[in-house]
$ cat upload.pdb   # PDB, C-alpha atoms
ATOM      1  CA  MET A   1     -16.024 -24.215  19.699  1.00  0.00           C
ATOM      2  CA  LEU A   2     -12.482 -23.325  20.584  1.00  0.00           C
ATOM      3  CA  ARG A   3     -12.403 -22.928  24.314  1.00  0.00           C
ATOM      4  CA  LEU A   4     -10.352 -20.318  26.093  1.00  0.00           C
ATOM      5  CA  ASN A   5      -9.495 -20.127  29.768  1.00  0.00           C
ATOM      6  CA  PHE A   6     -11.695 -17.357  31.152  1.00  0.00           C
ATOM      7  CA  GLU A   7     -11.074 -18.418  34.762  1.00  0.00           C
ATOM      8  CA  LYS A   8      -7.840 -16.573  35.410  1.00  0.00           C
ATOM      9  CA  LEU A   9      -9.283 -13.086  34.973  1.00  0.00           C
ATOM     10  CA  GLY A  10     -12.795 -13.324  36.362  1.00  0.00           C
ATOM     11  CA  GLY A  11     -14.493 -14.369  33.147  1.00  0.00           C
ATOM     12  CA  LEU A  12     -12.401 -12.298  30.749  1.00  0.00           C
ATOM     13  CA  VAL A  13      -9.423 -12.700  28.446  1.00  0.00           C
ATOM     14  CA  PRO A  14      -7.310  -9.851  27.060  1.00  0.00           C
ATOM     15  CA  ALA A  15      -7.630  -9.437  23.299  1.00  0.00           C
ATOM     16  CA  ILE A  16      -4.972  -7.554  21.357  1.00  0.00           C
ATOM     17  CA  ALA A  17      -5.977  -6.049  18.014  1.00  0.00           C
ATOM     18  CA  GLN A  18      -3.071  -5.848  15.587  1.00  0.00           C
ATOM     19  CA  ASP A  19      -3.101  -4.417  12.059  1.00  0.00           C
ATOM     20  CA  TYR A  20      -3.090  -7.489   9.815  1.00  0.00           C
ATOM     21  CA  GLN A  21      -0.785  -5.846   7.279  1.00  0.00           C
ATOM     22  CA  THR A  22       1.672  -3.669   9.209  1.00  0.00           C
ATOM     23  CA  GLY A  23       1.777  -5.519  12.556  1.00  0.00           C
ATOM     24  CA  GLU A  24       1.060  -2.289  14.437  1.00  0.00           C
ATOM     25  CA  ILE A  25      -0.658  -2.941  17.763  1.00  0.00           C
ATOM     26  CA  LEU A  26      -3.908  -0.980  17.635  1.00  0.00           C
ATOM     27  CA  MET A  27      -5.575  -1.552  21.006  1.00  0.00           C
ATOM     28  CA  LEU A  28      -6.227  -3.959  23.828  1.00  0.00           C
ATOM     29  CA  ALA A  29      -9.670  -4.780  25.145  1.00  0.00           C
ATOM     30  CA  PHE A  30     -11.295  -7.669  26.969  1.00  0.00           C
ATOM     31  CA  MET A  31     -13.612 -10.439  25.859  1.00  0.00           C
ATOM     32  CA  ASN A  32     -15.973 -12.537  27.883  1.00  0.00           C
ATOM     33  CA  GLU A  33     -17.142 -15.831  26.437  1.00  0.00           C
ATOM     34  CA  ALA A  34     -20.086 -14.247  24.600  1.00  0.00           C
ATOM     35  CA  ALA A  35     -17.799 -11.683  22.964  1.00  0.00           C
ATOM     36  CA  TRP A  36     -15.430 -14.456  21.915  1.00  0.00           C
ATOM     37  CA  ARG A  37     -18.249 -16.520  20.394  1.00  0.00           C
ATOM     38  CA  THR A  38     -19.629 -13.471  18.609  1.00  0.00           C
ATOM     39  CA  THR A  39     -16.228 -12.584  17.184  1.00  0.00           C
ATOM     40  CA  LEU A  40     -15.768 -16.134  15.884  1.00  0.00           C
ATOM     41  CA  ALA A  41     -19.268 -16.233  14.423  1.00  0.00           C
ATOM     42  CA  THR A  42     -19.287 -12.829  12.762  1.00  0.00           C
ATOM     43  CA  GLY A  43     -15.646 -12.106  11.858  1.00  0.00           C
ATOM     44  CA  ARG A  44     -16.056  -8.671  13.458  1.00  0.00           C
ATOM     45  CA  ALA A  45     -14.125  -7.883  16.627  1.00  0.00           C
ATOM     46  CA  THR A  46     -16.513  -7.850  19.565  1.00  0.00           C
ATOM     47  CA  TYR A  47     -15.364  -7.070  23.069  1.00  0.00           C
ATOM     48  CA  TYR A  48     -16.867  -6.836  26.528  1.00  0.00           C
ATOM     49  CA  SER A  49     -17.145  -3.360  27.984  1.00  0.00           C
ATOM     50  CA  ARG A  50     -16.343  -3.515  31.685  1.00  0.00           C
ATOM     51  CA  SER A  51     -17.720  -0.023  32.289  1.00  0.00           C
ATOM     52  CA  ARG A  52     -21.009  -0.615  30.444  1.00  0.00           C
ATOM     53  CA  LYS A  53     -21.169  -4.316  31.368  1.00  0.00           C
ATOM     54  CA  SER A  54     -22.235  -5.267  27.873  1.00  0.00           C
ATOM     55  CA  LEU A  55     -20.948  -6.601  24.572  1.00  0.00           C
ATOM     56  CA  TRP A  56     -19.394  -3.998  22.358  1.00  0.00           C
ATOM     57  CA  THR A  57     -18.857  -4.583  18.665  1.00  0.00           C
ATOM     58  CA  LYS A  58     -16.063  -2.204  17.775  1.00  0.00           C
ATOM     59  CA  GLY A  59     -17.385   0.350  15.277  1.00  0.00           C
ATOM     60  CA  GLU A  60     -21.044  -0.544  15.694  1.00  0.00           C
ATOM     61  CA  THR A  61     -22.043   3.109  15.723  1.00  0.00           C
ATOM     62  CA  SER A  62     -19.200   4.759  13.765  1.00  0.00           C
ATOM     63  CA  GLY A  63     -18.936   2.036  11.137  1.00  0.00           C
ATOM     64  CA  HIS A  64     -15.250   1.713  11.968  1.00  0.00           C
ATOM     65  CA  VAL A  65     -15.427  -2.023  12.505  1.00  0.00           C
ATOM     66  CA  GLN A  66     -12.495  -4.386  12.742  1.00  0.00           C
ATOM     67  CA  ARG A  67     -12.611  -7.148  10.142  1.00  0.00           C
ATOM     68  CA  VAL A  68     -10.846 -10.155  11.601  1.00  0.00           C
ATOM     69  CA  HIS A  69      -8.394 -11.751   9.174  1.00  0.00           C
ATOM     70  CA  GLU A  70      -6.672 -14.121  11.564  1.00  0.00           C
ATOM     71  CA  ILE A  71      -6.844 -15.137  15.212  1.00  0.00           C
ATOM     72  CA  ARG A  72      -3.943 -16.381  17.299  1.00  0.00           C
ATOM     73  CA  ILE A  73      -4.213 -17.799  20.796  1.00  0.00           C
ATOM     74  CA  ASP A  74      -1.410 -18.046  23.289  1.00  0.00           C
ATOM     75  CA  CYS A  75       0.266 -21.030  24.903  1.00  0.00           C
ATOM     76  CA  ASP A  76      -2.082 -21.204  27.878  1.00  0.00           C
ATOM     77  CA  ASP A  77      -5.307 -20.291  26.108  1.00  0.00           C
ATOM     78  CA  ASP A  78      -5.943 -17.112  28.062  1.00  0.00           C
ATOM     79  CA  THR A  79      -5.032 -14.336  25.608  1.00  0.00           C
ATOM     80  CA  VAL A  80      -5.890 -13.757  21.961  1.00  0.00           C
ATOM     81  CA  VAL A  81      -4.439 -11.717  19.134  1.00  0.00           C
ATOM     82  CA  LEU A  82      -6.811 -10.533  16.421  1.00  0.00           C
ATOM     83  CA  LYS A  83      -5.141  -9.590  13.165  1.00  0.00           C
ATOM     84  CA  VAL A  84      -7.608  -7.053  11.856  1.00  0.00           C
ATOM     85  CA  GLU A  85      -8.367  -4.653   9.088  1.00  0.00           C
ATOM     86  CA  GLN A  86      -9.381  -1.435  10.842  1.00  0.00           C
ATOM     87  CA  VAL A  87     -12.094   0.179   8.747  1.00  0.00           C
ATOM     88  CA  GLY A  88     -11.701   3.968   8.826  1.00  0.00           C
ATOM     89  CA  GLY A  89      -8.018   3.644   9.657  1.00  0.00           C
ATOM     90  CA  ALA A  90      -8.171   4.550  13.356  1.00  0.00           C
ATOM     91  CA  ALA A  91      -8.783   2.213  16.278  1.00  0.00           C
ATOM     92  CA  CYS A  92      -8.552   4.858  19.003  1.00  0.00           C
ATOM     93  CA  HIS A  93     -11.496   7.021  20.017  1.00  0.00           C
ATOM     94  CA  THR A  94      -9.067   9.969  20.061  1.00  0.00           C
ATOM     95  CA  GLY A  95      -8.660   9.637  16.305  1.00  0.00           C
ATOM     96  CA  PHE A  96      -5.222   8.065  16.355  1.00  0.00           C
ATOM     97  CA  ARG A  97      -4.547   4.961  14.319  1.00  0.00           C
ATOM     98  CA  SER A  98      -3.459   3.126  17.469  1.00  0.00           C
ATOM     99  CA  CYS A  99      -4.333   3.678  21.122  1.00  0.00           C
ATOM    100  CA  PHE A 100      -0.598   3.363  21.793  1.00  0.00           C
ATOM    101  CA  TYR A 101       0.277   6.718  20.253  1.00  0.00           C
ATOM    102  CA  ARG A 102       2.485   7.936  23.105  1.00  0.00           C
ATOM    103  CA  ARG A 103       6.059   6.876  23.725  1.00  0.00           C
ATOM    104  CA  ILE A 104       7.912   7.243  26.988  1.00  0.00           C
ATOM    105  CA  ASP A 105      10.934   9.516  26.673  1.00  0.00           C
ATOM    106  CA  GLY A 106      12.774   9.933  29.941  1.00  0.00           C
ATOM    107  CA  ASP A 107      10.246  11.264  32.429  1.00  0.00           C
ATOM    108  CA  GLY A 108       7.787  12.418  29.785  1.00  0.00           C
ATOM    109  CA  LEU A 109       5.651  11.294  26.903  1.00  0.00           C
ATOM    110  CA  THR A 110       6.043  12.030  23.216  1.00  0.00           C
ATOM    111  CA  THR A 111       3.170  11.668  20.780  1.00  0.00           C
ATOM    112  CA  VAL A 112       4.407   9.495  17.951  1.00  0.00           C
ATOM    113  CA  GLY A 113       1.178   8.088  16.537  1.00  0.00           C
ATOM    114  CA  GLU A 114      -0.652   9.236  13.476  1.00  0.00           C
ATOM    115  CA  ARG A 115      -3.986  11.030  13.881  1.00  0.00           C
ATOM    116  CA  VAL A 116      -6.424   9.832  11.253  1.00  0.00           C
ATOM    117  CA  PHE A 117      -9.587  11.710  12.183  1.00  0.00           C
ATOM    118  CA  ASP A 118     -10.847  14.499  14.408  1.00  0.00           C
ATOM    119  CA  PRO A 119     -12.997  12.859  17.095  1.00  0.00           C
ATOM    120  CA  LYS A 120     -15.288  15.899  17.231  1.00  0.00           C
ATOM    121  CA  GLU A 121     -16.292  15.226  13.656  1.00  0.00           C
ATOM    122  CA  VAL A 122     -16.972  11.550  14.239  1.00  0.00           C
ATOM    123  CA  TYR A 123     -18.497  11.527  17.711  1.00  0.00           C
ATOM    124  CA  GLY A 124     -19.631  15.143  18.071  1.00  0.00           C
ATOM    125  CA  GLU A 125     -18.512  17.456  20.850  1.00  0.00           C
TER     126      GLU A 125
ATOM    127  CA  MET B   1       7.500   8.689  37.552  1.00  0.00           C
ATOM    128  CA  LEU B   2       5.005   8.036  34.805  1.00  0.00           C
ATOM    129  CA  ARG B   3       1.834   6.915  36.469  1.00  0.00           C
ATOM    130  CA  LEU B   4      -0.442   4.252  35.079  1.00  0.00           C
ATOM    131  CA  ASN B   5      -3.989   3.436  36.090  1.00  0.00           C
ATOM    132  CA  PHE B   6      -3.732   0.222  38.079  1.00  0.00           C
ATOM    133  CA  GLU B   7      -7.238   0.601  39.513  1.00  0.00           C
ATOM    134  CA  LYS B   8      -9.228  -0.956  36.705  1.00  0.00           C
ATOM    135  CA  LEU B   9      -7.719  -4.409  37.020  1.00  0.00           C
ATOM    136  CA  GLY B  10      -7.143  -4.879  40.722  1.00  0.00           C
ATOM    137  CA  GLY B  11      -3.664  -3.406  40.835  1.00  0.00           C
ATOM    138  CA  LEU B  12      -2.444  -4.696  37.483  1.00  0.00           C
ATOM    139  CA  VAL B  13      -2.047  -3.507  33.914  1.00  0.00           C
ATOM    140  CA  PRO B  14      -1.625  -5.774  30.882  1.00  0.00           C
ATOM    141  CA  ALA B  15       1.792  -5.467  29.240  1.00  0.00           C
ATOM    142  CA  ILE B  16       2.304  -6.606  25.669  1.00  0.00           C
ATOM    143  CA  ALA B  17       5.840  -7.525  24.599  1.00  0.00           C
ATOM    144  CA  GLN B  18       6.444  -6.907  20.912  1.00  0.00           C
ATOM    145  CA  ASP B  19       9.622  -7.609  18.940  1.00  0.00           C
ATOM    146  CA  TYR B  20      11.192  -4.170  18.446  1.00  0.00           C
ATOM    147  CA  GLN B  21      12.358  -5.003  14.932  1.00  0.00           C
ATOM    148  CA  THR B  22       9.701  -7.232  13.352  1.00  0.00           C
ATOM    149  CA  GLY B  23       6.587  -6.083  15.246  1.00  0.00           C
ATOM    150  CA  GLU B  24       5.705  -9.678  16.126  1.00  0.00           C
ATOM    151  CA  ILE B  25       3.689  -9.896  19.344  1.00  0.00           C
ATOM    152  CA  LEU B  26       5.676 -12.139  21.656  1.00  0.00           C
ATOM    153  CA  MET B  27       3.600 -12.449  24.811  1.00  0.00           C
ATOM    154  CA  LEU B  28       1.250 -10.735  27.213  1.00  0.00           C
ATOM    155  CA  ALA B  29       1.798 -10.599  30.940  1.00  0.00           C
ATOM    156  CA  PHE B  30       0.743  -8.327  33.786  1.00  0.00           C
ATOM    157  CA  MET B  31       2.555  -5.670  35.777  1.00  0.00           C
ATOM    158  CA  ASN B  32       1.795  -4.300  39.192  1.00  0.00           C
ATOM    159  CA  GLU B  33       3.235  -0.948  40.135  1.00  0.00           C
ATOM    160  CA  ALA B  34       6.487  -2.458  41.451  1.00  0.00           C
ATOM    161  CA  ALA B  35       7.005  -4.373  38.189  1.00  0.00           C
ATOM    162  CA  TRP B  36       6.390  -1.183  36.225  1.00  0.00           C
ATOM    163  CA  ARG B  37       8.888   0.805  38.300  1.00  0.00           C
ATOM    164  CA  THR B  38      11.448  -1.978  37.996  1.00  0.00           C
ATOM    165  CA  THR B  39      11.030  -2.157  34.231  1.00  0.00           C
ATOM    166  CA  LEU B  40      11.507   1.609  33.921  1.00  0.00           C
ATOM    167  CA  ALA B  41      14.527   1.596  36.210  1.00  0.00           C
ATOM    168  CA  THR B  42      16.336  -1.406  34.737  1.00  0.00           C
ATOM    169  CA  GLY B  43      15.324  -1.497  31.066  1.00  0.00           C
ATOM    170  CA  ARG B  44      14.555  -5.207  31.498  1.00  0.00           C
ATOM    171  CA  ALA B  45      10.946  -6.387  31.234  1.00  0.00           C
ATOM    172  CA  THR B  46       9.699  -7.274  34.696  1.00  0.00           C
ATOM    173  CA  TYR B  47       6.195  -8.591  35.250  1.00  0.00           C
ATOM    174  CA  TYR B  48       4.037  -9.686  38.159  1.00  0.00           C
ATOM    175  CA  SER B  49       3.344 -13.387  38.403  1.00  0.00           C
ATOM    176  CA  ARG B  50      -0.230 -13.887  39.537  1.00  0.00           C
ATOM    177  CA  SER B  51       0.361 -17.561  40.324  1.00  0.00           C
ATOM    178  CA  ARG B  52       3.536 -16.998  42.339  1.00  0.00           C
ATOM    179  CA  LYS B  53       2.407 -13.604  43.648  1.00  0.00           C
ATOM    180  CA  SER B  54       5.833 -12.101  43.074  1.00  0.00           C
ATOM    181  CA  LEU B  55       7.831  -9.996  40.636  1.00  0.00           C
ATOM    182  CA  TRP B  56       9.219 -11.913  37.725  1.00  0.00           C
ATOM    183  CA  THR B  57      12.030 -10.542  35.596  1.00  0.00           C
ATOM    184  CA  LYS B  58      11.641 -12.367  32.310  1.00  0.00           C
ATOM    185  CA  GLY B  59      14.729 -14.513  31.715  1.00  0.00           C
ATOM    186  CA  GLU B  60      16.127 -14.135  35.227  1.00  0.00           C
ATOM    187  CA  THR B  61      17.043 -17.827  35.354  1.00  0.00           C
ATOM    188  CA  SER B  62      17.439 -18.713  31.659  1.00  0.00           C
ATOM    189  CA  GLY B  63      19.245 -15.509  30.699  1.00  0.00           C
ATOM    190  CA  HIS B  64      16.609 -14.935  28.022  1.00  0.00           C
ATOM    191  CA  VAL B  65      15.824 -11.422  29.182  1.00  0.00           C
ATOM    192  CA  GLN B  66      13.835  -8.837  27.267  1.00  0.00           C
ATOM    193  CA  ARG B  67      15.798  -5.642  26.666  1.00  0.00           C
ATOM    194  CA  VAL B  68      13.313  -2.797  26.462  1.00  0.00           C
ATOM    195  CA  HIS B  69      13.956  -0.489  23.508  1.00  0.00           C
ATOM    196  CA  GLU B  70      10.767   1.546  23.670  1.00  0.00           C
ATOM    197  CA  ILE B  71       7.632   1.775  25.791  1.00  0.00           C
ATOM    198  CA  ARG B  72       4.226   2.918  24.569  1.00  0.00           C
ATOM    199  CA  ILE B  73       1.221   3.564  26.779  1.00  0.00           C
ATOM    200  CA  ASP B  74      -2.361   3.618  25.649  1.00  0.00           C
ATOM    201  CA  CYS B  75      -4.938   6.391  25.585  1.00  0.00           C
ATOM    202  CA  ASP B  76      -6.299   5.697  29.067  1.00  0.00           C
ATOM    203  CA  ASP B  77      -3.023   4.799  30.772  1.00  0.00           C
ATOM    204  CA  ASP B  78      -4.003   1.248  31.630  1.00  0.00           C
ATOM    205  CA  THR B  79      -2.047  -0.862  29.117  1.00  0.00           C
ATOM    206  CA  VAL B  80       1.556  -0.796  27.968  1.00  0.00           C
ATOM    207  CA  VAL B  81       3.455  -2.059  24.951  1.00  0.00           C
ATOM    208  CA  LEU B  82       7.109  -2.928  25.419  1.00  0.00           C
ATOM    209  CA  LYS B  83       9.140  -3.020  22.241  1.00  0.00           C
ATOM    210  CA  VAL B  84      11.799  -5.504  23.211  1.00  0.00           C
ATOM    211  CA  GLU B  85      14.828  -7.369  22.029  1.00  0.00           C
ATOM    212  CA  GLN B  86      14.211 -10.974  23.113  1.00  0.00           C
ATOM    213  CA  VAL B  87      17.563 -12.445  24.079  1.00  0.00           C
ATOM    214  CA  GLY B  88      17.734 -16.100  23.039  1.00  0.00           C
ATOM    215  CA  GLY B  89      15.098 -15.526  20.377  1.00  0.00           C
ATOM    216  CA  ALA B  90      12.129 -17.161  22.108  1.00  0.00           C
ATOM    217  CA  ALA B  91       9.678 -15.547  24.509  1.00  0.00           C
ATOM    218  CA  CYS B  92       7.545 -18.640  25.107  1.00  0.00           C
ATOM    219  CA  HIS B  93       8.429 -21.295  27.671  1.00  0.00           C
ATOM    220  CA  THR B  94       7.504 -23.892  25.035  1.00  0.00           C
ATOM    221  CA  GLY B  95      10.476 -22.765  22.939  1.00  0.00           C
ATOM    222  CA  PHE B  96       8.484 -20.850  20.356  1.00  0.00           C
ATOM    223  CA  ARG B  97       9.513 -17.346  19.404  1.00  0.00           C
ATOM    224  CA  SER B  98       6.058 -16.060  20.375  1.00  0.00           C
ATOM    225  CA  CYS B  99       3.460 -17.427  22.785  1.00  0.00           C
ATOM    226  CA  PHE B 100       0.946 -16.816  19.968  1.00  0.00           C
ATOM    227  CA  TYR B 101       2.195 -19.684  17.817  1.00  0.00           C
ATOM    228  CA  ARG B 102      -1.226 -21.173  17.077  1.00  0.00           C
ATOM    229  CA  ARG B 103      -3.701 -19.852  14.537  1.00  0.00           C
ATOM    230  CA  ILE B 104      -7.393 -20.659  14.468  1.00  0.00           C
ATOM    231  CA  ASP B 105      -8.401 -22.470  11.299  1.00  0.00           C
ATOM    232  CA  GLY B 106     -12.074 -23.309  11.226  1.00  0.00           C
ATOM    233  CA  ASP B 107     -12.754 -25.396  14.332  1.00  0.00           C
ATOM    234  CA  GLY B 108      -9.116 -26.263  14.886  1.00  0.00           C
ATOM    235  CA  LEU B 109      -5.696 -24.839  15.546  1.00  0.00           C
ATOM    236  CA  THR B 110      -2.674 -24.794  13.282  1.00  0.00           C
ATOM    237  CA  THR B 111       0.835 -24.287  14.630  1.00  0.00           C
ATOM    238  CA  VAL B 112       2.366 -21.466  12.642  1.00  0.00           C
ATOM    239  CA  GLY B 113       5.077 -20.177  14.965  1.00  0.00           C
ATOM    240  CA  GLU B 114       8.738 -20.902  14.828  1.00  0.00           C
ATOM    241  CA  ARG B 115      10.291 -23.108  17.511  1.00  0.00           C
ATOM    242  CA  VAL B 116      13.642 -21.692  18.544  1.00  0.00           C
ATOM    243  CA  PHE B 117      14.700 -24.082  21.322  1.00  0.00           C
ATOM    244  CA  ASP B 118      13.762 -27.382  22.927  1.00  0.00           C
ATOM    245  CA  PRO B 119      12.369 -26.560  26.377  1.00  0.00           C
ATOM    246  CA  LYS B 120      13.780 -29.801  27.802  1.00  0.00           C
ATOM    247  CA  GLU B 121      17.271 -28.547  27.054  1.00  0.00           C
ATOM    248  CA  VAL B 122      16.671 -25.162  28.656  1.00  0.00           C
ATOM    249  CA  TYR B 123      14.507 -26.007  31.652  1.00  0.00           C
ATOM    250  CA  GLY B 124      15.210 -29.759  32.089  1.00  0.00           C
ATOM    251  CA  GLU B 125      12.542 -32.439  31.979  1.00  0.00           C
TER     252      GLU B 125
END

$ encode --input "upload.pdb" --output "structure tokens"
Amino acid sequence: MLRLNFEKLGGLVPAIAQDYQTGEILMLAFMNEAAWRTTLATGRATYYSRSRKSLWTKGETSGHVQRVHEIRIDCDDDTVVLKVEQVGGAACHTGFRSCFYRRIDGDGLTTVGERVFDPKEVYGE
Amino acid sequence: MLRLNFEKLGGLVPAIAQDYQTGEILMLAFMNEAAWRTTLATGRATYYSRSRKSLWTKGETSGHVQRVHEIRIDCDDDTVVLKVEQVGGAACHTGFRSCFYRRIDGDGLTTVGERVFDPKEVYGE
């Protein structure tokens, strides 16, 4: 078992999901040790939901899972990058491909991301 | 001033530095509100060092600063992506271009990153 340092952030490490083909950063979430083990064992990105206090396999209800193609860990073992194939094309619950769909322009924000689905159709109203 | 949600992580947000040309993820660090304001005001990536409990402008001693070309914020305003030009070519204190220079292969790790400098020459022994 590859061990990470979960001590520096109260039992969590940040996990960055990156499109394995384009390099686009899709989202950031957190993993506790159980989420990390589950991700390694299943090849599906599994995070820890701080609000629900439970494991959360991305796409478990929508089917929009993240297939893990490669995992990188950083120099001090406290952050991971998952190079993933995002099934359904969108990582963000708003329907955008990436959660980082807004760019800062001066004092405002410009939407630059690509919307892949209408969240009302996927999650209901 | 563009406001972020610093509440969810005890006054911090994760900040991902990504090469503005190649899309390679270089590092992850944290920002408090002062680091965020400083980054916006100066165009140089400034983080908050949890170990030193102080602001830390990347490259302030080595000259290997990160020039910020673009900033993205995520859907719930609690994570940022900085698209940066890494002066000196390496973001990692170990001399690698990226802190994420190790890939998981089975039960082990393979070094896949590119070493740009010898840290002994930059930081001394």

$ interface_residues --input "upload.pdb" --of "chain A" --to "chain B" --cutoff "8 Å" --atoms "only C-alpha atoms" --output "list in words"
Met1, Leu2, Pro14, Gly23, Glu24, Met27, Leu28, Glu70, Ile71, Arg72, Ile73, Asp74, Cys75, Thr79, Val80, Val81, Cys92, Thr94, Cys99, Phe100, Tyr101, Arg102, Arg103, Ile104, Asp107 and Gly108 of chain A

$ resolve_selection --input "upload.pdb" --expression "the PyMOL selection byres ((chain B and resi 95) around 10)" --output "NGL selection string"
:B and (88-94 or 96-99 or 113-122)

$ resolve_selection --input "upload.pdb" --expression "the PyMOL selection byres ((chain A and resi 56-60) around 8)" --output "ChimeraX atom specification"
/A:35,44-49,54-55,61-66

$ atom_distance --input "upload.pdb" --atom1 "atom CA of Asp19 of chain B" --atom2 "atom CA of Gly10 of chain A"
29.0 Å

$ atom_distance --input "upload.pdb" --atom1 "atom CA of Phe6 of chain B" --atom2 "atom CA of Asn32 of chain B"
7.2 Å

$ atom_distance --input "upload.pdb" --atom1 "atom CA of Thr38 of chain B" --atom2 "atom CA of Val68 of chain B"
11.7 Å

$ decode --input "upload.pdb" --residues "segment 32-45 of chain B" --atoms "N, CA, C and O atoms" --output "PDB file, in the first residue's frame"
ATOM      1  N   ASN B  32      -4.108  31.889   2.074  1.00  0.00           N
ATOM      2  CA  ASN B  32      -5.088  32.551   2.933  1.00  0.00           C
ATOM      3  C   ASN B  32      -5.527  33.829   2.194  1.00  0.00           C
ATOM      4  O   ASN B  32      -5.118  34.066   1.057  1.00  0.00           O
ATOM      5  N   GLU B  33      -6.363  34.612   2.837  1.00  0.00           N
ATOM      6  CA  GLU B  33      -6.904  35.746   2.099  1.00  0.00           C
ATOM      7  C   GLU B  33      -5.813  36.753   1.729  1.00  0.00           C
ATOM      8  O   GLU B  33      -5.832  37.343   0.637  1.00  0.00           O
ATOM      9  N   ALA B  34      -4.819  36.920   2.598  1.00  0.00           N
ATOM     10  CA  ALA B  34      -3.734  37.868   2.295  1.00  0.00           C
ATOM     11  C   ALA B  34      -2.913  37.375   1.104  1.00  0.00           C
ATOM     12  O   ALA B  34      -2.502  38.173   0.248  1.00  0.00           O
ATOM     13  N   ALA B  35      -2.680  36.077   1.019  1.00  0.00           N
ATOM     14  CA  ALA B  35      -1.927  35.527  -0.118  1.00  0.00           C
ATOM     15  C   ALA B  35      -2.705  35.727  -1.420  1.00  0.00           C
ATOM     16  O   ALA B  35      -2.136  36.060  -2.458  1.00  0.00           O
ATOM     17  N   TRP B  36      -4.008  35.528  -1.335  1.00  0.00           N
ATOM     18  CA  TRP B  36      -4.875  35.720  -2.503  1.00  0.00           C
ATOM     19  C   TRP B  36      -4.830  37.165  -2.980  1.00  0.00           C
ATOM     20  O   TRP B  36      -4.619  37.449  -4.159  1.00  0.00           O
ATOM     21  N   ARG B  37      -4.990  38.101  -2.049  1.00  0.00           N
ATOM     22  CA  ARG B  37      -4.951  39.525  -2.407  1.00  0.00           C
ATOM     23  C   ARG B  37      -3.593  39.891  -3.006  1.00  0.00           C
ATOM     24  O   ARG B  37      -3.513  40.658  -3.969  1.00  0.00           O
ATOM     25  N   THR B  38      -2.542  39.356  -2.419  1.00  0.00           N
ATOM     26  CA  THR B  38      -1.193  39.675  -2.906  1.00  0.00           C
ATOM     27  C   THR B  38      -0.986  39.131  -4.305  1.00  0.00           C
ATOM     28  O   THR B  38      -0.403  39.797  -5.178  1.00  0.00           O
ATOM     29  N   THR B  39      -1.469  37.922  -4.548  1.00  0.00           N
ATOM     30  CA  THR B  39      -1.343  37.326  -5.881  1.00  0.00           C
ATOM     31  C   THR B  39      -2.088  38.166  -6.914  1.00  0.00           C
ATOM     32  O   THR B  39      -1.564  38.455  -7.995  1.00  0.00           O
ATOM     33  N   LEU B  40      -3.302  38.584  -6.573  1.00  0.00           N
ATOM     34  CA  LEU B  40      -4.079  39.424  -7.497  1.00  0.00           C
ATOM     35  C   LEU B  40      -3.381  40.757  -7.750  1.00  0.00           C
ATOM     36  O   LEU B  40      -3.355  41.253  -8.873  1.00  0.00           O
ATOM     37  N   ALA B  41      -2.817  41.327  -6.710  1.00  0.00           N
ATOM     38  CA  ALA B  41      -2.238  42.667  -6.831  1.00  0.00           C
ATOM     39  C   ALA B  41      -0.911  42.659  -7.566  1.00  0.00           C
ATOM     40  O   ALA B  41      -0.578  43.612  -8.273  1.00  0.00           O
ATOM     41  N   THR B  42      -0.134  41.584  -7.412  1.00  0.00           N
ATOM     42  CA  THR B  42       1.233  41.581  -7.938  1.00  0.00           C
ATOM     43  C   THR B  42       1.394  40.759  -9.211  1.00  0.00           C
ATOM     44  O   THR B  42       2.384  40.936  -9.927  1.00  0.00           O
ATOM     45  N   GLY B  43       0.465  39.813  -9.465  1.00  0.00           N
ATOM     46  CA  GLY B  43       0.659  38.924 -10.607  1.00  0.00           C
ATOM     47  C   GLY B  43       1.762  37.904 -10.381  1.00  0.00           C
ATOM     48  O   GLY B  43       2.214  37.251 -11.332  1.00  0.00           O
ATOM     49  N   ARG B  44       2.201  37.748  -9.145  1.00  0.00           N
ATOM     50  CA  ARG B  44       3.178  36.721  -8.778  1.00  0.00           C
ATOM     51  C   ARG B  44       2.507  35.793  -7.779  1.00  0.00           C
ATOM     52  O   ARG B  44       1.899  36.273  -6.807  1.00  0.00           O
ATOM     53  N   ALA B  45       2.633  34.480  -7.993  1.00  0.00           N
ATOM     54  CA  ALA B  45       1.964  33.525  -7.106  1.00  0.00           C
ATOM     55  C   ALA B  45       2.514  33.654  -5.688  1.00  0.00           C
ATOM     56  O   ALA B  45       3.719  33.528  -5.464  1.00  0.00           O
TER      57      ALA B  45
END
